[in-house]
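Raw query_12.txt, compact mmCIF, C-alpha atoms and all ligand atoms:
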```
# COMPACT_ATOMS: atom_id res chain seq x y z
CA MET A 1 -33.87 2.37 20.66
CA LEU A 2 -32.29 3.73 17.53
CA ARG A 3 -32.15 1.63 14.38
CA ILE A 4 -29.21 2.29 12.08
CA ALA A 5 -28.80 0.90 8.56
CA ILE A 6 -25.30 -0.03 7.43
CA GLN A 7 -23.86 -1.81 4.42
CA ALA A 8 -24.05 -5.59 4.89
CA LYS A 9 -20.91 -6.26 2.86
CA GLY A 10 -18.77 -4.25 0.53
CA ARG A 11 -16.36 -1.39 0.68
CA LEU A 12 -17.97 0.56 3.52
CA ASN A 13 -18.73 -2.39 5.77
CA GLU A 14 -15.34 -2.84 7.41
CA ASP A 15 -14.75 0.85 8.19
CA THR A 16 -18.32 1.19 9.46
CA MET A 17 -17.93 -1.80 11.77
CA SER A 18 -14.65 -0.46 13.15
CA LEU A 19 -16.13 3.01 13.66
CA LEU A 20 -18.99 1.47 15.67
CA ASN A 21 -16.53 -0.66 17.57
CA ASP A 22 -14.23 2.28 18.36
CA ALA A 23 -17.32 4.14 19.57
CA GLY A 24 -17.87 1.36 22.13
CA ILE A 25 -20.73 -0.23 20.20
CA GLU A 26 -20.38 -3.96 19.82
CA VAL A 27 -22.44 -5.53 17.10
CA ALA A 28 -22.53 -9.01 15.63
CA PRO A 29 -21.41 -9.04 11.97
CA ALA A 30 -23.95 -9.58 9.18
CA LYS A 31 -24.30 -13.32 8.63
CA ARG A 32 -27.71 -14.48 7.70
CA LYS A 33 -29.34 -11.93 9.95
CA LEU A 34 -30.83 -8.68 8.66
CA VAL A 35 -31.08 -7.08 12.08
CA ALA A 36 -28.59 -7.35 14.93
CA LYS A 37 -28.77 -5.97 18.45
CA ALA A 38 -25.77 -4.09 19.73
CA SER A 39 -24.31 -3.59 23.17
CA GLY A 40 -22.77 -0.40 24.51
CA PHE A 41 -25.46 1.84 23.02
CA PRO A 42 -29.23 1.49 22.68
CA ILE A 43 -29.04 0.64 19.01
CA GLU A 44 -30.13 -1.99 16.53
CA VAL A 45 -28.21 -2.52 13.30
CA LEU A 46 -30.01 -3.19 10.02
CA TYR A 47 -27.75 -4.74 7.38
CA LEU A 48 -28.66 -3.64 3.85
CA ARG A 49 -27.20 -3.15 0.38
CA ASP A 50 -25.87 0.37 0.12
CA ASP A 51 -28.37 1.17 -2.68
CA ASP A 52 -31.25 0.57 -0.28
CA ILE A 53 -29.98 2.61 2.66
CA PRO A 54 -31.13 6.12 1.55
CA GLN A 55 -34.70 4.94 1.05
CA ALA A 56 -34.77 2.92 4.26
CA VAL A 57 -33.72 6.05 6.16
CA HIS A 58 -36.04 8.29 4.17
CA ILE A 59 -39.14 6.27 4.97
CA GLY A 60 -38.04 5.62 8.55
CA VAL A 61 -37.47 1.86 8.35
CA ALA A 62 -34.16 2.91 9.86
CA ASP A 63 -33.74 6.11 11.90
CA ALA A 64 -30.21 6.64 10.68
CA GLY A 65 -27.77 5.16 8.21
CA ILE A 66 -24.15 5.09 7.17
CA VAL A 67 -23.77 5.28 3.40
CA GLY A 68 -21.79 6.98 0.63
CA LEU A 69 -22.86 10.53 -0.23
CA ASN A 70 -22.98 9.33 -3.85
CA GLU A 71 -25.87 6.96 -3.05
CA VAL A 72 -27.76 9.69 -1.20
CA ALA A 73 -27.32 12.14 -4.08
CA GLU A 74 -28.30 9.57 -6.70
CA ARG A 75 -31.52 8.53 -4.95
CA GLU A 76 -32.50 12.20 -4.69
CA MET A 77 -33.96 11.69 -1.24
CA LYS A 78 -34.12 14.43 1.35
CA LEU A 79 -32.21 13.14 4.36
CA HIS A 80 -30.75 14.87 7.38
CA GLU A 81 -26.97 14.79 6.91
CA VAL A 82 -25.62 14.47 10.43
CA MET A 83 -21.89 14.26 9.75
CA ARG A 84 -19.25 13.20 7.26
CA LEU A 85 -17.25 10.25 8.49
CA GLY A 86 -13.88 10.61 6.76
CA PHE A 87 -13.74 7.21 5.02
CA GLY A 88 -15.00 5.77 1.72
CA HIS A 89 -13.56 8.72 -0.17
CA CYS A 90 -14.06 8.58 -3.92
CA ARG A 91 -15.20 10.72 -6.81
CA ILE A 92 -17.58 10.19 -9.69
CA SER A 93 -15.93 11.24 -12.89
CA LEU A 94 -16.45 11.34 -16.62
CA ALA A 95 -13.89 9.23 -18.47
CA VAL A 96 -13.26 8.77 -22.17
CA PRO A 97 -11.12 6.36 -24.22
CA LYS A 98 -7.43 7.20 -23.89
CA ALA A 99 -7.08 8.02 -27.58
CA VAL A 100 -9.75 10.73 -27.54
CA ASP A 101 -8.46 14.24 -28.08
CA TYR A 102 -10.52 15.73 -25.27
CA THR A 103 -10.88 19.47 -25.45
CA GLY A 104 -13.60 20.16 -22.89
CA LEU A 105 -17.16 19.36 -21.85
CA GLU A 106 -18.46 20.26 -25.32
CA TRP A 107 -17.00 16.94 -26.45
CA PHE A 108 -19.93 15.18 -24.73
CA ARG A 109 -22.59 16.88 -26.86
CA GLY A 110 -24.55 14.14 -28.65
CA LYS A 111 -22.39 11.38 -27.14
CA CYS A 112 -23.63 8.33 -25.22
CA VAL A 113 -22.39 7.97 -21.64
CA ALA A 114 -22.79 4.75 -19.63
CA THR A 115 -23.29 5.04 -15.87
CA SER A 116 -24.89 3.65 -12.73
CA TYR A 117 -25.46 7.24 -11.57
CA PRO A 118 -27.90 8.64 -14.17
CA ASN A 119 -29.48 11.20 -11.85
CA ILE A 120 -26.24 12.84 -10.74
CA LEU A 121 -25.03 12.85 -14.34
CA SER A 122 -28.20 14.27 -15.87
CA ARG A 123 -28.22 17.06 -13.26
CA PHE A 124 -24.62 17.85 -14.13
CA PHE A 125 -25.21 17.86 -17.89
CA TYR A 126 -28.33 19.99 -17.41
CA GLU A 127 -26.43 22.57 -15.33
CA GLN A 128 -23.65 22.65 -17.92
CA GLY A 129 -26.05 22.88 -20.86
CA ILE A 130 -24.79 19.65 -22.43
CA ASP A 131 -27.22 17.48 -24.36
CA ALA A 132 -25.97 13.89 -24.24
CA ASP A 133 -27.52 10.42 -24.02
CA ILE A 134 -27.27 8.67 -20.70
CA TYR A 135 -27.23 4.90 -20.80
CA GLU A 136 -27.90 3.36 -17.40
CA ILE A 137 -26.14 0.10 -16.59
CA ALA A 138 -25.87 -1.59 -13.23
CA GLY A 139 -22.33 -2.93 -13.22
CA SER A 140 -19.03 -3.17 -15.15
CA VAL A 141 -19.57 0.33 -16.49
CA GLU A 142 -15.88 0.62 -17.33
CA ILE A 143 -16.08 -1.92 -20.16
CA ALA A 144 -18.93 -0.11 -21.98
CA PRO A 145 -16.77 1.93 -24.41
CA ALA A 146 -14.58 -1.06 -25.38
CA VAL A 147 -17.60 -3.20 -26.27
CA GLY A 148 -19.28 -0.40 -28.20
CA LEU A 149 -22.08 0.26 -25.70
CA ALA A 150 -21.14 3.89 -25.11
CA ASP A 151 -18.67 6.62 -26.06
CA ALA A 152 -17.69 7.41 -22.50
CA ILE A 153 -18.47 6.51 -18.89
CA PHE A 154 -19.42 8.25 -15.67
CA ASP A 155 -18.27 6.13 -12.75
CA ILE A 156 -16.66 5.99 -9.33
CA VAL A 157 -12.92 6.53 -9.32
CA SER A 158 -10.66 6.04 -6.37
CA SER A 159 -7.04 5.26 -7.32
CA GLY A 160 -7.75 5.50 -11.05
CA GLY A 161 -6.38 1.98 -11.66
CA THR A 162 -9.62 0.59 -13.10
CA LEU A 163 -9.78 3.35 -15.71
CA ILE A 164 -6.19 2.72 -16.80
CA GLN A 165 -6.78 -1.03 -17.03
CA ASN A 166 -9.70 -0.36 -19.35
CA GLY A 167 -7.91 2.11 -21.61
CA LEU A 168 -9.83 5.11 -20.28
CA LYS A 169 -8.80 8.51 -18.92
CA GLU A 170 -10.54 10.69 -16.37
CA VAL A 171 -11.50 14.03 -17.88
CA GLU A 172 -13.98 15.64 -15.45
CA GLN A 173 -14.39 15.10 -11.70
CA VAL A 174 -18.06 15.78 -11.10
CA PHE A 175 -18.93 14.60 -7.60
CA HIS A 176 -16.83 14.03 -4.46
CA SER A 177 -18.06 11.48 -1.99
CA GLU A 178 -17.32 9.97 1.39
CA ALA A 179 -19.31 7.97 3.93
CA VAL A 180 -21.89 10.00 5.85
CA LEU A 181 -24.14 9.50 8.83
CA VAL A 182 -27.67 10.40 7.75
CA ALA A 183 -30.93 10.44 9.69
CA THR A 184 -34.63 10.44 8.87
CA PRO A 185 -35.90 14.03 8.61
CA GLY A 186 -38.23 14.94 11.47
CA LEU A 187 -37.10 12.29 13.98
CA SER A 188 -38.67 12.49 17.43
CA SER A 189 -36.69 14.54 19.93
CA SER A 190 -35.70 11.47 21.93
CA LYS A 191 -34.33 9.73 18.84
CA LEU A 192 -32.61 12.91 17.74
CA GLU A 193 -30.92 13.00 21.12
CA GLU A 194 -29.62 9.46 20.51
CA VAL A 195 -28.36 10.49 17.07
CA GLU A 196 -26.54 13.44 18.68
CA LYS A 197 -24.91 11.08 21.19
CA LEU A 198 -23.77 8.88 18.33
CA LYS A 199 -22.41 11.93 16.53
CA PHE A 200 -20.51 12.95 19.66
CA ARG A 201 -18.82 9.55 19.86
CA PHE A 202 -18.04 9.46 16.15
CA THR A 203 -16.65 13.01 16.23
CA SER A 204 -14.24 12.15 19.02
CA ILE A 205 -12.93 9.29 16.87
CA THR A 206 -12.73 11.14 13.56
CA SER A 207 -11.11 14.16 15.27
CA SER A 208 -8.31 12.02 16.68
CA ARG A 209 -7.47 10.58 13.25
CA GLY A 210 -4.27 11.98 11.85
CA TYR A 211 -2.92 12.91 15.30
CA LYS A 212 -0.47 11.29 17.71
CA TYR A 213 0.13 11.85 21.40
CA VAL A 214 3.82 12.60 21.96
CA LEU A 215 5.71 12.75 25.25
CA MET A 216 9.37 13.30 26.00
CA ASN A 217 11.88 14.48 28.56
CA LEU A 218 13.40 17.87 27.88
CA PRO A 219 16.09 20.00 29.54
CA ARG A 220 14.15 22.68 31.46
CA GLN A 221 16.14 25.50 29.83
CA GLN A 222 14.81 24.44 26.40
CA VAL A 223 11.11 24.65 27.33
CA ASP A 224 10.53 28.08 25.75
CA ALA A 225 12.20 27.03 22.51
CA ALA A 226 10.18 23.79 22.45
CA VAL A 227 6.86 25.58 23.04
CA LYS A 228 7.62 27.86 20.07
CA LEU A 229 8.16 24.83 17.85
CA ILE A 230 4.83 23.24 18.64
CA PRO A 231 2.04 24.68 16.56
CA GLY A 232 -1.19 26.41 17.38
CA MET A 233 -3.79 25.95 20.01
CA ARG A 234 -2.66 22.60 21.29
CA SER A 235 -0.26 24.12 23.79
CA PRO A 236 1.98 21.44 25.32
CA THR A 237 1.71 20.24 28.92
CA ILE A 238 4.94 20.65 30.91
CA LEU A 239 5.39 18.51 34.02
CA PRO A 240 8.26 18.63 36.52
CA LEU A 241 10.59 15.66 36.94
CA ALA A 242 12.52 14.57 40.05
CA ASP A 243 15.62 16.12 38.49
CA PRO A 244 14.94 19.91 38.56
CA ASP A 245 16.97 20.50 35.38
CA TRP A 246 14.57 18.34 33.36
CA CYS A 247 10.85 18.30 32.66
CA SER A 248 8.39 16.14 30.77
CA LEU A 249 6.61 17.61 27.74
CA HIS A 250 3.32 16.17 26.43
CA THR A 251 1.60 17.30 23.26
CA VAL A 252 -0.64 16.27 20.37
CA LEU A 253 0.94 16.48 16.92
CA GLY A 254 -0.52 16.06 13.44
CA GLU A 255 0.98 13.14 11.53
CA ASP A 256 1.89 15.50 8.69
CA VAL A 257 4.38 17.37 10.91
CA LEU A 258 5.20 14.62 13.39
CA TRP A 259 8.68 13.59 12.25
CA GLU A 260 9.83 17.07 11.39
CA LYS A 261 8.85 18.30 14.89
CA ILE A 262 10.41 15.30 16.60
CA GLU A 263 13.72 15.95 14.84
CA GLN A 264 13.62 19.59 15.92
CA LEU A 265 12.78 18.64 19.52
CA LYS A 266 15.58 16.09 19.52
CA ALA A 267 17.94 18.82 18.37
CA LEU A 268 16.87 20.78 21.49
CA GLY A 269 17.94 17.83 23.63
CA ALA A 270 14.66 15.91 23.97
CA GLU A 271 15.10 12.32 25.17
CA GLY A 272 12.92 9.28 25.78
CA ILE A 273 10.42 10.32 23.11
CA LEU A 274 7.22 8.26 23.08
CA VAL A 275 4.68 8.46 20.24
CA LEU A 276 1.28 7.02 21.15
CA ASN A 277 -1.87 6.40 19.15
CA LEU A 278 -4.86 8.57 20.03
CA GLU A 279 -8.16 6.75 20.14
CA ASN A 280 -10.46 9.60 20.98
CA MET A 281 -10.18 13.35 21.14
CA ILE A 282 -13.06 15.18 22.76
CA VAL A 283 -12.93 18.63 21.22
O1 LIG A 301 -23.59 -4.83 -2.36
P1 LIG A 301 -23.79 -3.37 -2.29
O2 LIG A 301 -24.82 -2.83 -3.24
O3 LIG A 301 -24.02 -2.93 -0.86
O4 LIG A 301 -22.37 -2.70 -2.64
P2 LIG A 301 -21.84 -2.11 -4.03
O5 LIG A 301 -21.12 -3.19 -4.74
O6 LIG A 301 -22.91 -1.36 -4.74
O7 LIG A 301 -20.86 -0.98 -3.51
P3 LIG A 301 -19.34 -1.09 -3.01
O8 LIG A 301 -19.25 -1.93 -1.79
O9 LIG A 301 -18.44 -1.41 -4.16
O10 LIG A 301 -19.11 0.46 -2.65
C1 LIG A 301 -19.79 1.05 -1.60
C2 LIG A 301 -19.43 2.52 -1.55
O11 LIG A 301 -18.03 2.68 -1.37
C3 LIG A 301 -19.71 3.33 -2.82
O12 LIG A 301 -21.07 3.70 -2.94
C4 LIG A 301 -18.81 4.54 -2.60
O13 LIG A 301 -19.44 5.48 -1.75
C5 LIG A 301 -17.60 3.95 -1.86
N1 LIG A 301 -16.40 3.76 -2.69
C6 LIG A 301 -15.18 4.24 -2.39
C7 LIG A 301 -16.28 3.05 -3.84
C8 LIG A 301 -14.94 3.13 -4.24
N2 LIG A 301 -14.28 3.87 -3.32
C9 LIG A 301 -14.52 2.45 -5.45
N3 LIG A 301 -13.34 2.54 -5.81
N4 LIG A 301 -17.18 2.36 -4.57
C10 LIG A 301 -16.78 1.72 -5.67
N5 LIG A 301 -15.51 1.75 -6.16
C11 LIG A 301 -15.25 0.96 -7.43
C12 LIG A 301 -15.69 1.69 -8.69
O14 LIG A 301 -17.01 1.39 -9.00
C13 LIG A 301 -14.74 1.17 -9.77
O15 LIG A 301 -15.18 -0.06 -10.28
O16 LIG A 301 -13.89 0.72 -7.60
C14 LIG A 301 -13.50 0.90 -8.97
C15 LIG A 301 -12.58 2.08 -9.11
O17 LIG A 301 -11.56 2.02 -8.20
P4 LIG A 301 -10.09 2.49 -8.60
O18 LIG A 301 -9.36 2.52 -7.31
O19 LIG A 301 -9.56 1.49 -9.57
O20 LIG A 301 -10.20 3.88 -9.22
ZN ZN A 302 -24.74 -1.09 -4.27
```
As structure tokens - that is how I would like this structure written.
Amino acid sequence: MLRIAIQAKGRLNEDTMSLLNDAGIEVAPAKRKLVAKASGFPIEVLYLRDDDIPQAVHIGVADAGIVGLNEVAEREMKLHEVMRLGFGHCRISLAVPKAVDYTGLEWFRGKCVATSYPNILSRFFYEQGIDADIYEIAGSVEIAPAVGLADAIFDIVSSGGTLIQNGLKEVEQVFHSEAVLVATPGLSSSKLEEVEKLKFRFTSITSSRGYKYVLMNLPRQQVDAAVKLIPGMRSPTILPLADPDWCSLHTVLGEDVLWEKIEQLKALGAEGILVLNLENMIV
């Protein structure tokens, strides 16, 4: 039985729960319980604060965990990174008051920077040869410059709205993060096998994201032209129809090209076009 640590509540919780669910793993949500049994996979879920997940996985209280890369990097714990999960994207950036005439990293020399990520920041400043003071605060980092606690901040940015609201501007993107599946280094081979099975399920879900399954009827004489339109390795499936002049074409299309391709296929005479969601793609 594998024990996996996930965020009890917060930004990663919902996406983590739906990933587990899409992978056929049903688990009771965190209420007052710290540990919940799941069905559909031999797994137990440990609900924790995200800050505590890297250590729990490091010491083996949990065999695996789903957490932001930022937390793993900040705790400086050696963990086995199994896969990136494609959600919880954000960056950790240096930001300064809007009015600052920022000319480059040199600006930070001798300045005081407030952050909840002192380790990532001090590594960065060390690598860049910048000597600055790092002031660690747990929350509401973005208000530090306005109240005179610091000259600048180093904090998570996603849309950038919080910085703007606080009269700050992003000047250096230092660290890019997303949710990752991590495991305890040196797991037993049977547990590692379970982690690999989990990875297989997650990969089939993350691979299908951004794609649609498209099917349509097409005049048979247009098949060659249609095949040329459809990109790359995902060669379409062509099936005969009762009417010999027509066939049915099935393919997988990326959402970025979906509408453009559909318009082109329509121009070739495609009819009865269906666009379906893909749940899994075993690649
Ligand atoms: O209670 P617990 O300790 O578990 O949660 P938490 O409050 O420490 O973390 P939580 O739930 O806020 O975030 C969990 C993880 O989500 C982070 O560690 C990141 O990996 C990821 N993530 C993705 C984010 C954001 N996007 C994000 N925008 N974490 C925080 N923010 C905050 C940021 O701190 C800032 O205040 O959102 C604000 C900036 O957002 P924008 O969109 O205004 O730029
Ligand atoms: Zn936290």
Where does chain A meet ligand ZN 302 (chain A) within 8 Å, residue by residue, with the nearest atom pair and distance in Å to one decimal for each, counting all atoms listed in the file, listed by chain and rising number, as a Markdown table?
```
| residue | atom | partner | partner_atom | distance |
| --- | --- | --- | --- | --- |
| A:Arg49 | CA | A:ZN302 | ZN | 5.6 |
| A:Asp50 | CA | A:ZN302 | ZN | 4.8 |
| A:Asp51 | CA | A:ZN302 | ZN | 4.6 |
| A:Asp52 | CA | A:ZN302 | ZN | 7.8 |
```
Near Gly88 in chain A, counting all atoms listed in the file, which residues have an atom at most 8 Å away, once you skip same-chain residues fewer than 2 positions from it, shown as a CSV table (one decimal) with C-alpha atoms, in the frame of the given file?
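Saved to part_19.csv:
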```csv
chain,number,residue,atom,x,y,z
A,11,ARG,CA,-16.4,-1.4,0.7
A,12,LEU,CA,-18.0,0.6,3.5
A,68,GLY,CA,-21.8,7.0,0.6
A,86,GLY,CA,-13.9,10.6,6.8
A,90,CYS,CA,-14.1,8.6,-3.9
A,177,SER,CA,-18.1,11.5,-2.0
A,178,GLU,CA,-17.3,10.0,1.4
A,179,ALA,CA,-19.3,8.0,3.9
```
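Of the residues listed (A:Thr162, A:Gln128, A:Ser140, A:Thr16), A:Thr162 shows the shortest atom-to-atom separation from ligand LIG 301 (chain A); distances use all atoms listed in the file.
Considering all atoms listed in the file, the residue among A:Leu121, A:Leu2, A:Ala23, A:Leu268 positioned nearest to Ser188 in chain A is A:Leu2.
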| task | Please identify all polymer residues lying at most 8 Å from the point (-35.5, 9.3, 15.5) (file coordinates), using all atoms listed in the file, and present the result as a ChimeraX atom specification. | result | /A:2,63-64,183-184,186-192,194-195
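If you measure from each of A:Cys247, A:Ala28, A:Leu198, A:Leu105 to Phe124 in chain A using only C-alpha atoms, the closest one turns out to be A:Leu105.
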Once 8 Å is added on each side, what are the centre and the three edge lengths, in Å to one decimal, of the axis-aligned box enclosing the listed atoms of ligand LIG 301 (chain A)? Present them as JSON.
```
{"center_x": -17.1, "center_y": 0.3, "center_z": -5.6, "size_x": 31.5, "size_y": 26.3, "size_z": 25.4}
```
| field | Sel. within 12 Å of pt (-20.0, -7.0, 0.1), counting all atoms listed in the file, output as a ChimeraX atom specification | value | /A:6-14,30-31,47-50
| request: Identify, on the basis of all atoms listed in the file, every residue whose closest approach to range 214-222 of chain A does not exceed 10 Å; exclude the query and any residue fewer than 6 positions from it along the same chain; express the result as a PyMOL selection string. | output: chain A and resi 236-241+243-253+258+262+265-266+268-278
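Of the listed residues (A:Gln55, A:Thr103, A:Ser116, A:Ser18), A:Gln55 comes nearest to Ala5 in chain A; the distances count all atoms listed in the file.
Among the candidates A:Ala38, A:Leu85, A:Val57, A:Val100, the one nearest to ligand LIG 301 (chain A) when counting all atoms listed in the file is A:Leu85.
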| query | Near Ala132 in chain A, within 7 Å and counting all atoms listed in the file, which residues show up once chain neighbours fewer than 3 positions away are dropped, as a PyMOL selection string? | reply | chain A and resi 108-112
